[in-house]
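K.L.:
Structure file start-v1.cif (mmCIF, C-alpha atoms) is given on the next line.
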```
data_protein
#
loop_
_atom_site.label_atom_id
_atom_site.label_comp_id
_atom_site.auth_asym_id
_atom_site.auth_seq_id
_atom_site.Cartn_x
_atom_site.Cartn_y
_atom_site.Cartn_z
CA MET A 1 20.90 3.40 4.65
CA SER A 2 18.15 1.20 6.09
CA GLY A 3 16.14 -1.61 4.59
CA LEU A 4 17.11 -3.80 1.66
CA ALA A 5 19.93 -2.40 -0.50
CA LEU A 6 21.82 -3.99 -3.39
CA ARG A 7 24.54 -2.68 -5.68
CA VAL A 8 23.70 -2.31 -9.40
CA ARG A 9 25.72 -1.05 -12.36
CA VAL A 10 24.57 1.69 -14.74
CA GLY A 11 24.65 0.37 -18.31
CA LYS A 12 24.52 1.93 -21.75
CA LYS A 13 22.20 4.91 -22.05
CA GLY A 14 21.83 5.00 -18.25
CA TYR A 15 19.90 1.72 -17.99
CA ILE A 16 19.83 -0.12 -14.67
CA VAL A 17 18.19 -3.40 -13.75
CA ILE A 18 16.15 -3.39 -10.56
CA PRO A 19 16.87 -6.74 -8.89
CA LYS A 20 13.94 -9.11 -8.43
CA SER A 21 14.23 -9.07 -4.62
CA ILE A 22 13.92 -5.26 -4.58
CA ARG A 23 10.95 -5.33 -7.00
CA GLU A 24 9.20 -7.93 -4.85
CA VAL A 25 9.72 -6.01 -1.61
CA ALA A 26 8.46 -2.78 -3.24
CA GLY A 27 5.58 -4.55 -5.00
CA VAL A 28 6.71 -3.33 -8.44
CA LYS A 29 5.36 -5.36 -11.36
CA GLU A 30 6.41 -5.52 -15.02
CA GLY A 31 4.95 -2.63 -17.01
CA GLU A 32 4.33 -0.47 -13.95
CA GLU A 33 5.38 3.19 -14.07
CA LEU A 34 7.93 4.61 -11.66
CA VAL A 35 8.77 8.19 -10.77
CA VAL A 36 12.51 8.84 -10.73
CA GLY A 37 13.87 11.85 -8.88
CA VAL A 38 16.63 13.32 -6.79
CA GLU A 39 16.17 14.34 -3.18
CA GLY A 40 18.97 15.33 -0.81
CA GLY A 41 21.57 14.15 -3.32
CA ARG A 42 20.01 10.67 -3.54
CA ILE A 43 18.27 9.16 -6.54
CA PHE A 44 14.92 7.59 -5.75
CA LEU A 45 12.42 5.43 -7.63
CA GLN A 46 8.81 5.46 -6.50
CA PRO A 47 5.95 3.40 -7.95
CA VAL A 48 3.07 5.38 -9.42
CA ARG A 49 0.01 3.96 -7.70
CA LYS A 50 -3.23 4.55 -9.52
CA VAL A 51 -6.48 4.32 -7.61
CA ASP A 52 -9.39 2.45 -9.16
CA LEU A 53 -12.31 4.71 -8.20
CA ASN A 54 -14.90 1.95 -8.65
CA GLU A 55 -12.93 -0.34 -6.34
CA LEU A 56 -12.55 2.49 -3.82
CA ARG A 57 -16.30 3.20 -3.90
CA GLN A 58 -17.09 -0.50 -3.37
CA LYS A 59 -14.68 -0.72 -0.42
CA MET A 60 -16.25 2.40 1.11
CA ARG A 61 -19.76 0.91 0.73
CA GLU A 62 -18.56 -2.33 2.37
CA HIS A 63 -16.95 -0.39 5.23
CA LEU A 64 -20.04 1.76 5.79
CA ALA A 65 -22.23 -1.35 5.86
CA LYS A 66 -19.87 -2.97 8.35
CA ILE A 67 -19.96 0.01 10.75
CA SER A 68 -23.63 0.91 10.23
CA TYR A 69 -24.42 -0.28 13.76
CA VAL A 70 -22.78 2.94 15.03
CA ASN A 71 -25.78 5.00 13.90
CA LYS A 72 -28.06 3.15 16.29
CA ARG A 73 -27.83 2.31 19.95
CA PRO A 74 -26.66 -1.30 20.29
CA LYS A 75 -28.75 -3.81 22.21
CA LEU A 76 -27.27 -5.85 25.03
CA GLY A 77 -24.97 -8.53 23.59
CA GLU A 78 -25.18 -7.21 20.02
CA LEU A 79 -21.49 -6.25 19.92
CA ALA A 80 -20.23 -9.42 21.60
CA ASP A 81 -18.94 -10.90 18.32
CA ILE A 82 -17.16 -7.73 17.14
CA LEU A 83 -13.41 -7.68 17.69
CA LEU A 84 -11.55 -4.40 18.00
CA GLU A 85 -8.81 -5.84 15.75
CA GLU A 86 -11.35 -6.22 12.92
CA GLU A 87 -12.68 -2.73 13.44
CA PHE A 88 -9.38 -0.87 13.73
CA GLY A 89 -7.00 -3.21 11.89
CA ASP A 90 -3.63 -4.28 13.18
CA VAL A 91 -2.56 -1.62 15.66
CA SER A 92 0.84 -3.14 16.46
#
```
Will you turn the file into structure tokens for me?
P.N.:
Amino acid sequence: MSGLALRVRVGKKGYIVIPKSIREVAGVKEGEELVVGVEGGRIFLQPVRKVDLNELRQKMREHLAKISYVNKRPKLGELADILLEEEFGDVS
């Protein structure tokens, strides 16, 4: 088993408490829904991540505006301030 692992006890009616350190690492917040399942004989919990379509559209507009220079031929020196790390994110 890799990553962070802690031992928990199953309580009445099958309840378990997910330790705070595990919730923090997984980014699980109070009230969030989780999918519980079995795969390869192991029980897993997976957060249900909902996508805010308005936020996604806004991020796409921002990204398209940021890379709009690609549709035109750059002038000499125009790309001097653009870092590949900003354009492609952390590639490490």
K.L.:
Given the PyMOL selection byres ((chain A and resi 41-53) around 12) and the file above, list the residues it selects as an MDAnalysis selection string.
P.N.:
chainID A and resid 1 16 18 22:23 25:40 54:60
K.L.:
Restricted to C-alpha atoms, what would the selected residues look like written as a compact mmCIF listing (two decimals), in the frame of the given file?
P.N.:
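Saved as result-v4.txt:
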```txt
# COMPACT_ATOMS: atom_id res chain seq x y z
CA MET A 1 20.90 3.40 4.65
CA ILE A 16 19.83 -0.12 -14.67
CA ILE A 18 16.15 -3.39 -10.56
CA ILE A 22 13.92 -5.26 -4.58
CA ARG A 23 10.95 -5.33 -7.00
CA VAL A 25 9.72 -6.01 -1.61
CA ALA A 26 8.46 -2.78 -3.24
CA GLY A 27 5.58 -4.55 -5.00
CA VAL A 28 6.71 -3.33 -8.44
CA LYS A 29 5.36 -5.36 -11.36
CA GLU A 30 6.41 -5.52 -15.02
CA GLY A 31 4.95 -2.63 -17.01
CA GLU A 32 4.33 -0.47 -13.95
CA GLU A 33 5.38 3.19 -14.07
CA LEU A 34 7.93 4.61 -11.66
CA VAL A 35 8.77 8.19 -10.77
CA VAL A 36 12.51 8.84 -10.73
CA GLY A 37 13.87 11.85 -8.88
CA VAL A 38 16.63 13.32 -6.79
CA GLU A 39 16.17 14.34 -3.18
CA GLY A 40 18.97 15.33 -0.81
CA ASN A 54 -14.90 1.95 -8.65
CA GLU A 55 -12.93 -0.34 -6.34
CA LEU A 56 -12.55 2.49 -3.82
CA ARG A 57 -16.30 3.20 -3.90
CA GLN A 58 -17.09 -0.50 -3.37
CA LYS A 59 -14.68 -0.72 -0.42
CA MET A 60 -16.25 2.40 1.11
```
K.L.:
At what distance in Å, to one decimal, does CA of Arg61 (chain A) lie from CA of Leu76 (chain A)?
P.N.:
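A separation of 26.3 Å between them.
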K.L.:
Which distance in Å separates CA of Leu83 (chain A) and CA of Ala65 (chain A), to one decimal?
P.N.:
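For CA of Leu83 (chain A) relative to CA of Ala65 (chain A), the distance reads 16.1 Å.
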K.L.:
Quick one: apply the PyMOL selection byres ((chain A and resi 6) around 12) to the file and drop the selected residues here as a CSV table (one decimal) with C-alpha atoms, in the frame of the given file.
P.N.:
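Result file selection-v6.csv:
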```csv
chain,number,residue,atom,x,y,z
A,1,MET,CA,20.9,3.4,4.6
A,2,SER,CA,18.2,1.2,6.1
A,3,GLY,CA,16.1,-1.6,4.6
A,4,LEU,CA,17.1,-3.8,1.7
A,5,ALA,CA,19.9,-2.4,-0.5
A,7,ARG,CA,24.5,-2.7,-5.7
A,8,VAL,CA,23.7,-2.3,-9.4
A,9,ARG,CA,25.7,-1.0,-12.4
A,17,VAL,CA,18.2,-3.4,-13.8
A,18,ILE,CA,16.2,-3.4,-10.6
A,19,PRO,CA,16.9,-6.7,-8.9
A,20,LYS,CA,13.9,-9.1,-8.4
A,21,SER,CA,14.2,-9.1,-4.6
A,22,ILE,CA,13.9,-5.3,-4.6
A,23,ARG,CA,11.0,-5.3,-7.0
```
K.L.:
So how many Å separate CA of Ile67 (chain A) and CA of Ile82 (chain A), to one decimal?
P.N.:
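One can read the CA of Ile67 (chain A) to CA of Ile82 (chain A) distance as 10.4 Å.
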